[in-house]
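A.B. asks: Got target37.pdb for you, PDB, C-alpha atoms, pLDDT in the B column:
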```
ATOM      1  CA  MET H   1     123.632  65.637  81.903  1.00 40.00           C
ATOM      2  CA  GLY H   2     125.843  68.109  80.023  1.00 41.00           C
ATOM      3  CA  PHE H   3     126.435  71.706  79.090  1.00 40.00           C
ATOM      4  CA  SER H   4     126.598  73.578  75.815  1.00 34.00           C
ATOM      5  CA  ALA H   5     129.992  75.032  74.931  1.00 38.00           C
ATOM      6  CA  ALA H   6     128.849  78.502  76.009  1.00 32.00           C
ATOM      7  CA  ALA H   7     127.573  77.231  79.343  1.00 36.00           C
ATOM      8  CA  ARG H   8     130.668  75.272  80.319  1.00 43.00           C
ATOM      9  CA  GLY H   9     132.041  78.291  82.159  1.00 47.00           C
ATOM     10  CA  ARG H  10     135.763  78.067  81.501  1.00 45.00           C
ATOM     11  CA  LYS H  11     138.523  80.610  81.606  1.00 47.00           C
ATOM     12  CA  ALA H  12     141.556  80.267  79.355  1.00 43.00           C
ATOM     13  CA  GLY H  13     143.629  77.364  80.615  1.00 48.00           C
ATOM     14  CA  GLY H  14     140.598  75.254  81.472  1.00 50.00           C
ATOM     15  CA  ARG H  15     139.968  76.621  84.983  1.00 50.00           C
ATOM     16  CA  PRO H  16     136.291  76.483  85.941  1.00 50.00           C
ATOM     17  CA  THR H  17     134.654  79.822  86.568  1.00 56.00           C
ATOM     18  CA  MET H  18     131.860  80.579  88.979  1.00 63.00           C
ATOM     19  CA  SER H  19     129.419  79.950  86.136  1.00 76.00           C
ATOM     20  CA  LEU H  20     130.576  76.305  85.947  1.00 74.00           C
ATOM     21  CA  ILE H  21     129.950  75.893  89.646  1.00 75.00           C
ATOM     22  CA  GLN H  22     126.577  77.606  89.244  1.00 78.00           C
ATOM     23  CA  ASN H  23     125.770  75.288  86.315  1.00 77.00           C
ATOM     24  CA  LEU H  24     126.621  72.233  88.419  1.00 78.00           C
ATOM     25  CA  ARG H  25     124.412  73.532  91.233  1.00 74.00           C
ATOM     26  CA  GLU H  26     121.561  74.114  88.773  1.00 77.00           C
ATOM     27  CA  MET H  27     122.023  70.627  87.322  1.00 74.00           C
ATOM     28  CA  MET H  28     121.830  69.170  90.844  1.00 71.00           C
ATOM     29  CA  LYS H  29     118.460  70.891  91.410  1.00 70.00           C
ATOM     30  CA  VAL H  30     116.869  68.901  88.584  1.00 71.00           C
ATOM     31  CA  VAL H  31     115.678  65.865  90.469  1.00 69.00           C
ATOM     32  CA  VAL H  32     113.454  63.550  88.493  1.00 70.00           C
ATOM     33  CA  GLY H  33     113.004  59.817  88.777  1.00 75.00           C
ATOM     34  CA  PHE H  34     115.747  57.951  90.572  1.00 77.00           C
ATOM     35  CA  ASP H  35     117.836  61.133  90.971  1.00 75.00           C
ATOM     36  CA  ARG H  36     115.536  62.124  93.857  1.00 77.00           C
ATOM     37  CA  VAL H  37     117.854  60.152  96.132  1.00 79.00           C
ATOM     38  CA  LEU H  38     120.452  62.882  95.468  1.00 83.00           C
ATOM     39  CA  GLN H  39     118.302  65.863  96.512  1.00 86.00           C
ATOM     40  CA  LYS H  40     120.288  66.519  99.668  1.00 91.00           C
ATOM     41  CA  VAL H  41     123.760  66.310  98.103  1.00 94.00           C
ATOM     42  CA  THR H  42     125.438  69.718  98.164  1.00 93.00           C
ATOM     43  CA  LEU H  43     128.246  70.900  95.914  1.00 93.00           C
ATOM     44  CA  VAL H  44     131.270  72.102  97.892  1.00 94.00           C
ATOM     45  CA  SER H  45     133.785  72.798  95.103  1.00 93.00           C
ATOM     46  CA  ALA H  46     134.627  72.134  91.471  1.00 93.00           C
ATOM     47  CA  ALA H  47     137.952  72.319  89.638  1.00 92.00           C
ATOM     48  CA  PRO H  48     139.197  70.817  86.367  1.00 93.00           C
ATOM     49  CA  GLY H  49     138.515  67.084  86.679  1.00 95.00           C
ATOM     50  CA  LYS H  50     137.605  67.279  90.377  1.00 96.00           C
ATOM     51  CA  VAL H  51     134.322  67.737  92.239  1.00 96.00           C
ATOM     52  CA  THR H  52     133.671  67.664  95.980  1.00 97.00           C
ATOM     53  CA  CYS H  53     130.190  67.289  97.469  1.00 96.00           C
ATOM     54  CA  GLU H  54     128.699  66.571 100.875  1.00 97.00           C
ATOM     55  CA  LEU H  55     125.740  64.597 102.144  1.00 97.00           C
ATOM     56  CA  ARG H  56     124.313  64.568 105.667  1.00 97.00           C
ATOM     57  CA  VAL H  57     123.030  61.017 106.046  1.00 97.00           C
ATOM     58  CA  GLU H  58     119.352  60.976 106.960  1.00 95.00           C
ATOM     59  CA  GLU H  59     116.970  58.091 107.520  1.00 94.00           C
ATOM     60  CA  GLU H  60     115.940  58.099 103.845  1.00 93.00           C
ATOM     61  CA  HIS H  61     119.590  57.329 102.905  1.00 95.00           C
ATOM     62  CA  THR H  62     119.990  54.317 105.169  1.00 95.00           C
ATOM     63  CA  SER H  63     119.589  50.573 105.092  1.00 94.00           C
ATOM     64  CA  LYS H  64     117.541  48.618 107.617  1.00 94.00           C
ATOM     65  CA  MET H  65     120.620  48.691 109.829  1.00 92.00           C
ATOM     66  CA  GLY H  66     120.518  52.510 110.042  1.00 93.00           C
ATOM     67  CA  MET H  67     123.725  52.960 108.028  1.00 96.00           C
ATOM     68  CA  LEU H  68     124.349  54.665 104.680  1.00 97.00           C
ATOM     69  CA  HIS H  69     122.885  52.297 102.078  1.00 97.00           C
ATOM     70  CA  GLY H  70     125.446  50.648  99.785  1.00 96.00           C
ATOM     71  CA  GLY H  71     123.260  51.303  96.755  1.00 96.00           C
ATOM     72  CA  LEU H  72     123.243  55.027  97.500  1.00 96.00           C
ATOM     73  CA  THR H  73     127.015  54.903  97.895  1.00 97.00           C
ATOM     74  CA  ALA H  74     127.243  53.398  94.393  1.00 97.00           C
ATOM     75  CA  THR H  75     124.904  56.087  93.067  1.00 95.00           C
ATOM     76  CA  LEU H  76     127.127  58.768  94.607  1.00 97.00           C
ATOM     77  CA  VAL H  77     130.202  57.250  92.947  1.00 98.00           C
ATOM     78  CA  ASP H  78     128.392  57.183  89.595  1.00 96.00           C
ATOM     79  CA  THR H  79     126.930  60.679  89.770  1.00 94.00           C
ATOM     80  CA  ILE H  80     129.776  62.641  91.348  1.00 96.00           C
ATOM     81  CA  SER H  81     132.402  61.073  89.046  1.00 97.00           C
ATOM     82  CA  THR H  82     130.218  62.078  86.088  1.00 94.00           C
ATOM     83  CA  MET H  83     130.139  65.633  87.425  1.00 93.00           C
ATOM     84  CA  ALA H  84     133.951  65.580  87.560  1.00 95.00           C
ATOM     85  CA  LEU H  85     133.993  64.540  83.890  1.00 95.00           C
ATOM     86  CA  LEU H  86     131.750  67.495  83.087  1.00 92.00           C
ATOM     87  CA  CYS H  87     134.466  69.696  84.624  1.00 92.00           C
ATOM     88  CA  THR H  88     137.033  68.686  82.005  1.00 92.00           C
ATOM     89  CA  GLU H  89     137.819  70.400  78.713  1.00 90.00           C
ATOM     90  CA  ARG H  90     135.622  67.971  76.754  1.00 91.00           C
ATOM     91  CA  ALA H  91     132.770  68.100  79.305  1.00 90.00           C
ATOM     92  CA  LEU H  92     131.306  64.755  78.194  1.00 92.00           C
ATOM     93  CA  PRO H  93     129.344  62.653  80.705  1.00 93.00           C
ATOM     94  CA  GLY H  94     129.883  59.342  78.890  1.00 95.00           C
ATOM     95  CA  VAL H  95     128.165  56.067  79.704  1.00 97.00           C
ATOM     96  CA  SER H  96     129.227  53.614  82.390  1.00 97.00           C
ATOM     97  CA  VAL H  97     131.330  50.634  81.365  1.00 97.00           C
ATOM     98  CA  ASP H  98     132.513  49.447  84.774  1.00 98.00           C
ATOM     99  CA  MET H  99     132.203  50.565  88.360  1.00 98.00           C
ATOM    100  CA  ASN H 100     133.376  49.068  91.609  1.00 98.00           C
ATOM    101  CA  ILE H 101     133.093  50.172  95.195  1.00 98.00           C
ATOM    102  CA  THR H 102     135.025  49.070  98.238  1.00 98.00           C
ATOM    103  CA  TYR H 103     133.115  49.620 101.477  1.00 98.00           C
ATOM    104  CA  MET H 104     135.393  50.148 104.485  1.00 98.00           C
ATOM    105  CA  SER H 105     133.397  51.683 107.307  1.00 97.00           C
ATOM    106  CA  PRO H 106     129.720  52.338 108.077  1.00 97.00           C
ATOM    107  CA  VAL H 107     128.210  55.827 108.150  1.00 97.00           C
ATOM    108  CA  LYS H 108     125.465  56.447 110.710  1.00 96.00           C
ATOM    109  CA  THR H 109     122.416  58.658 110.450  1.00 96.00           C
ATOM    110  CA  GLY H 110     123.372  62.271 111.171  1.00 97.00           C
ATOM    111  CA  GLU H 111     126.961  61.939 110.005  1.00 97.00           C
ATOM    112  CA  VAL H 112     128.227  63.943 107.033  1.00 98.00           C
ATOM    113  CA  VAL H 113     129.987  62.230 104.142  1.00 98.00           C
ATOM    114  CA  VAL H 114     132.393  64.146 101.910  1.00 98.00           C
ATOM    115  CA  ILE H 115     132.417  62.780  98.352  1.00 98.00           C
ATOM    116  CA  THR H 116     135.474  63.705  96.266  1.00 98.00           C
ATOM    117  CA  ALA H 117     135.752  62.603  92.641  1.00 98.00           C
ATOM    118  CA  HIS H 118     138.919  62.874  90.513  1.00 98.00           C
ATOM    119  CA  VAL H 119     139.247  62.144  86.826  1.00 98.00           C
ATOM    120  CA  LEU H 120     142.321  59.915  86.678  1.00 98.00           C
ATOM    121  CA  LYS H 121     142.593  59.768  82.893  1.00 97.00           C
ATOM    122  CA  GLN H 122     140.508  60.855  79.959  1.00 97.00           C
ATOM    123  CA  GLY H 123     141.376  59.429  76.585  1.00 95.00           C
ATOM    124  CA  LYS H 124     139.759  59.640  73.187  1.00 94.00           C
ATOM    125  CA  THR H 125     136.978  57.164  73.989  1.00 96.00           C
ATOM    126  CA  MET H 126     137.398  56.175  77.655  1.00 97.00           C
ATOM    127  CA  ALA H 127     137.632  57.981  80.977  1.00 98.00           C
ATOM    128  CA  PHE H 128     138.617  56.718  84.415  1.00 98.00           C
ATOM    129  CA  ALA H 129     137.668  58.278  87.740  1.00 98.00           C
ATOM    130  CA  SER H 130     138.236  57.625  91.412  1.00 98.00           C
ATOM    131  CA  VAL H 131     135.825  58.644  94.167  1.00 98.00           C
ATOM    132  CA  ASP H 132     136.575  58.788  97.894  1.00 98.00           C
ATOM    133  CA  LEU H 133     133.817  58.984 100.488  1.00 98.00           C
ATOM    134  CA  THR H 134     135.093  60.158 103.861  1.00 98.00           C
ATOM    135  CA  ASN H 135     133.470  60.869 107.199  1.00 98.00           C
ATOM    136  CA  LYS H 136     133.666  64.656 107.588  1.00 98.00           C
ATOM    137  CA  ALA H 137     134.030  64.551 111.380  1.00 97.00           C
ATOM    138  CA  THR H 138     136.742  61.897 111.551  1.00 97.00           C
ATOM    139  CA  GLY H 139     138.398  62.103 108.122  1.00 97.00           C
ATOM    140  CA  LYS H 140     138.084  58.318 107.938  1.00 98.00           C
ATOM    141  CA  LEU H 141     137.743  56.773 104.475  1.00 98.00           C
ATOM    142  CA  VAL H 142     134.391  54.982 104.438  1.00 98.00           C
ATOM    143  CA  ALA H 143     134.221  53.871 100.804  1.00 98.00           C
ATOM    144  CA  GLN H 144     136.193  54.178  97.606  1.00 98.00           C
ATOM    145  CA  GLY H 145     134.946  53.752  94.068  1.00 98.00           C
ATOM    146  CA  ARG H 146     136.402  53.465  90.593  1.00 98.00           C
ATOM    147  CA  HIS H 147     134.348  54.333  87.554  1.00 98.00           C
ATOM    148  CA  THR H 148     135.121  53.692  83.893  1.00 98.00           C
ATOM    149  CA  LYS H 149     133.076  55.506  81.259  1.00 98.00           C
ATOM    150  CA  HIS H 150     132.868  55.311  77.468  1.00 98.00           C
ATOM    151  CA  LEU H 151     132.928  58.798  75.953  1.00 96.00           C
ATOM    152  CA  GLY H 152     131.951  57.899  72.400  1.00 84.00           C
ATOM    153  CA  ASN H 153     133.971  57.917  69.209  1.00 72.00           C
TER
END
```
Step by step, read the file and then write its structure as structure tokens.
C.D. replies:
Amino acid sequence: MGFSAAARGRKAGGRPTMSLIQNLREMMKVVVGFDRVLQKVTLVSAAPGKVTCELRVEEEHTSKMGMLHGGLTATLVDTISTMALLCTERALPGVSVDMNITYMSPVKTGEVVVITAHVLKQGKTMAFASVDLTNKATGKLVAQGRHTKHLGN
């Protein structure tokens, strides 16, 4: 999950261009293996170190209780925070070191979740991101995740 230097789509000053957003959309179309659970996630916006996506919760995304599955929530935190890292100057996806999620409110089938990831800090070898999942209709925070990634040496 990464882009070549030419495909990163940056203007001077690090602002993403439309090509970066197009590259993210293209990357999201490649759904193999486990990533199939993300097929219905749509990219809303991308900026340096920030990505916002949406997901309309359907039956395939739910637990036996008919609510957004906690495992899918964790996958969203992992994937969308990695996309935010790809929207930084270094554009490195890294590998997960630590991730935690706090679940605050259920999301029912048919509701839309807005997933917003921010890169909090990116150092030489580590990066830290925060991801908020909110109910689009109510604005209520339904889950929050933190993700730490190793970027290499």
A.B. asks: For Glu54 in chain H, work out the shell of residues within 10 Å, counting all atoms listed in the file and skipping chain neighbours fewer than 6 positions away, then give it as number ranges by chain.
C.D. replies: H: 40-45, 112-116, 133-136
A.B. asks: Which is closest to Thr102 in chain H among H:Thr148, H:Thr88, H:Thr62, H:Thr73, if we use all atoms listed in the file?
C.D. replies: H:Thr73
A.B. asks: Please produce, as a tab-separated table, a per-residue contact table for range 53-114 of chain H versus range 16-36 of chain H (criterion: any atom at most 9 Å away, only C-alpha atoms considered), showing the nearest atom pair and its distance in Å to one decimal, sorted by chain then residue number.
C.D. replies:
```
residue	atom	partner	partner_atom	distance
H:Thr75	CA	H:Asp35	CA	8.9
H:Met83	CA	H:Leu24	CA	7.5
H:Leu86	CA	H:Leu24	CA	8.8
H:Cys87	CA	H:Pro16	CA	7.2
H:Thr88	CA	H:Pro16	CA	8.8
```
A.B. asks: Could you list the residues chosen by the PyMOL selection byres ((chain H and resi 77) around 10) in this structure as a ChimeraX atom specification?
C.D. replies: /H:71-76,78-82,99-101,115-117,129-133,143-147
A.B. asks: Step by step, work through what the PyMOL selection byres ((chain H and resi 125) around 10) selects in the shown file, and finish by giving those residues as a list in words.
C.D. replies: Gly94, Gln122, Gly123, Lys124, Met126, Ala127, Lys149, His150, Leu151, Gly152 and Asn153 of chain H
A.B. asks: Would you work out the distance separating CA of Pro93 in chain H from CA of Ala47 in chain H, expressed in Å to one decimal?
C.D. replies: 15.7 Å
A.B. asks: My structure is short of atoms at range 120-131 of chain H; please model all heavy atoms there, returning them as a PDB file, in the coordinates of the input.
C.D. replies:
```pdb
ATOM      1  N   LEU H 120     140.955  60.434  86.699  1.00 98.00           N
ATOM      2  CA  LEU H 120     142.321  59.915  86.678  1.00 98.00           C
ATOM      3  C   LEU H 120     142.944  60.021  85.290  1.00 98.00           C
ATOM      4  O   LEU H 120     144.106  60.357  85.143  1.00 98.00           O
ATOM      5  CB  LEU H 120     142.330  58.448  87.128  1.00 98.00           C
ATOM      6  CG  LEU H 120     141.790  58.178  88.528  1.00 98.00           C
ATOM      7  CD1 LEU H 120     141.678  56.686  88.776  1.00 98.00           C
ATOM      8  CD2 LEU H 120     142.666  58.849  89.566  1.00 98.00           C
ATOM      9  N   LYS H 121     142.122  59.712  84.278  1.00 97.00           N
ATOM     10  CA  LYS H 121     142.593  59.768  82.893  1.00 97.00           C
ATOM     11  C   LYS H 121     141.378  59.911  81.990  1.00 97.00           C
ATOM     12  O   LYS H 121     140.331  59.313  82.229  1.00 97.00           O
ATOM     13  CB  LYS H 121     143.363  58.500  82.519  1.00 97.00           C
ATOM     14  CG  LYS H 121     143.865  58.536  81.093  1.00 97.00           C
ATOM     15  CD  LYS H 121     144.648  57.312  80.709  1.00 97.00           C
ATOM     16  CE  LYS H 121     145.033  57.489  79.253  1.00 97.00           C
ATOM     17  NZ  LYS H 121     145.808  56.474  78.707  1.00 97.00           N
ATOM     18  N   GLN H 122     141.558  60.707  80.962  1.00 97.00           N
ATOM     19  CA  GLN H 122     140.508  60.855  79.959  1.00 97.00           C
ATOM     20  C   GLN H 122     141.171  60.736  78.598  1.00 97.00           C
ATOM     21  O   GLN H 122     141.984  61.563  78.217  1.00 97.00           O
ATOM     22  CB  GLN H 122     139.825  62.212  80.106  1.00 97.00           C
ATOM     23  CG  GLN H 122     138.636  62.390  79.215  1.00 97.00           C
ATOM     24  CD  GLN H 122     137.952  63.729  79.456  1.00 97.00           C
ATOM     25  OE1 GLN H 122     138.587  64.708  79.778  1.00 97.00           O
ATOM     26  NE2 GLN H 122     136.658  63.754  79.276  1.00 97.00           N
ATOM     27  N   GLY H 123     140.834  59.649  77.918  1.00 95.00           N
ATOM     28  CA  GLY H 123     141.376  59.429  76.585  1.00 95.00           C
ATOM     29  C   GLY H 123     140.375  59.814  75.516  1.00 95.00           C
ATOM     30  O   GLY H 123     139.392  60.501  75.775  1.00 95.00           O
ATOM     31  N   LYS H 124     140.631  59.318  74.314  1.00 94.00           N
ATOM     32  CA  LYS H 124     139.759  59.640  73.187  1.00 94.00           C
ATOM     33  C   LYS H 124     138.352  59.055  73.376  1.00 94.00           C
ATOM     34  O   LYS H 124     137.358  59.718  73.093  1.00 94.00           O
ATOM     35  CB  LYS H 124     140.383  59.105  71.898  1.00 94.00           C
ATOM     36  CG  LYS H 124     139.618  59.442  70.648  1.00 94.00           C
ATOM     37  CD  LYS H 124     140.347  58.947  69.421  1.00 94.00           C
ATOM     38  CE  LYS H 124     139.531  59.212  68.159  1.00 94.00           C
ATOM     39  NZ  LYS H 124     140.172  58.651  66.980  1.00 94.00           N
ATOM     40  N   THR H 125     138.287  57.813  73.859  1.00 96.00           N
ATOM     41  CA  THR H 125     136.978  57.164  73.989  1.00 96.00           C
ATOM     42  C   THR H 125     136.650  56.682  75.400  1.00 96.00           C
ATOM     43  O   THR H 125     135.515  56.306  75.657  1.00 96.00           O
ATOM     44  CB  THR H 125     136.876  55.945  73.042  1.00 96.00           C
ATOM     45  OG1 THR H 125     137.892  55.001  73.399  1.00 96.00           O
ATOM     46  CG2 THR H 125     137.022  56.359  71.594  1.00 96.00           C
ATOM     47  N   MET H 126     137.623  56.690  76.298  1.00 97.00           N
ATOM     48  CA  MET H 126     137.398  56.175  77.655  1.00 97.00           C
ATOM     49  C   MET H 126     137.875  57.189  78.692  1.00 97.00           C
ATOM     50  O   MET H 126     138.814  57.946  78.454  1.00 97.00           O
ATOM     51  CB  MET H 126     138.153  54.859  77.867  1.00 97.00           C
ATOM     52  CG  MET H 126     137.781  53.745  76.906  1.00 97.00           C
ATOM     53  SD  MET H 126     136.116  53.123  77.133  1.00 97.00           S
ATOM     54  CE  MET H 126     136.370  52.115  78.564  1.00 97.00           C
ATOM     55  N   ALA H 127     137.222  57.147  79.848  1.00 98.00           N
ATOM     56  CA  ALA H 127     137.632  57.981  80.977  1.00 98.00           C
ATOM     57  C   ALA H 127     137.604  57.129  82.236  1.00 98.00           C
ATOM     58  O   ALA H 127     136.796  56.197  82.367  1.00 98.00           O
ATOM     59  CB  ALA H 127     136.707  59.181  81.126  1.00 98.00           C
ATOM     60  N   PHE H 128     138.469  57.470  83.174  1.00 98.00           N
ATOM     61  CA  PHE H 128     138.617  56.718  84.415  1.00 98.00           C
ATOM     62  C   PHE H 128     138.597  57.700  85.582  1.00 98.00           C
ATOM     63  O   PHE H 128     139.304  58.708  85.557  1.00 98.00           O
ATOM     64  CB  PHE H 128     139.932  55.937  84.415  1.00 98.00           C
ATOM     65  CG  PHE H 128     140.085  55.054  83.211  1.00 98.00           C
ATOM     66  CD1 PHE H 128     140.644  55.549  82.040  1.00 98.00           C
ATOM     67  CD2 PHE H 128     139.638  53.740  83.237  1.00 98.00           C
ATOM     68  CE1 PHE H 128     140.773  54.740  80.916  1.00 98.00           C
ATOM     69  CE2 PHE H 128     139.763  52.931  82.118  1.00 98.00           C
ATOM     70  CZ  PHE H 128     140.326  53.435  80.955  1.00 98.00           C
ATOM     71  N   ALA H 129     137.790  57.392  86.587  1.00 98.00           N
ATOM     72  CA  ALA H 129     137.668  58.278  87.740  1.00 98.00           C
ATOM     73  C   ALA H 129     137.761  57.487  89.036  1.00 98.00           C
ATOM     74  O   ALA H 129     137.447  56.295  89.075  1.00 98.00           O
ATOM     75  CB  ALA H 129     136.343  59.032  87.689  1.00 98.00           C
ATOM     76  N   SER H 130     138.172  58.184  90.073  1.00 98.00           N
ATOM     77  CA  SER H 130     138.236  57.625  91.412  1.00 98.00           C
ATOM     78  C   SER H 130     137.403  58.512  92.331  1.00 98.00           C
ATOM     79  O   SER H 130     137.430  59.741  92.199  1.00 98.00           O
ATOM     80  CB  SER H 130     139.689  57.594  91.892  1.00 98.00           C
ATOM     81  OG  SER H 130     139.768  57.143  93.226  1.00 98.00           O
ATOM     82  N   VAL H 131     136.678  57.897  93.246  1.00 98.00           N
ATOM     83  CA  VAL H 131     135.825  58.644  94.167  1.00 98.00           C
ATOM     84  C   VAL H 131     136.078  58.154  95.590  1.00 98.00           C
ATOM     85  O   VAL H 131     135.993  56.960  95.861  1.00 98.00           O
ATOM     86  CB  VAL H 131     134.325  58.470  93.814  1.00 98.00           C
ATOM     87  CG1 VAL H 131     133.456  59.287  94.755  1.00 98.00           C
ATOM     88  CG2 VAL H 131     134.057  58.844  92.364  1.00 98.00           C
TER      89      VAL H 131
END
```
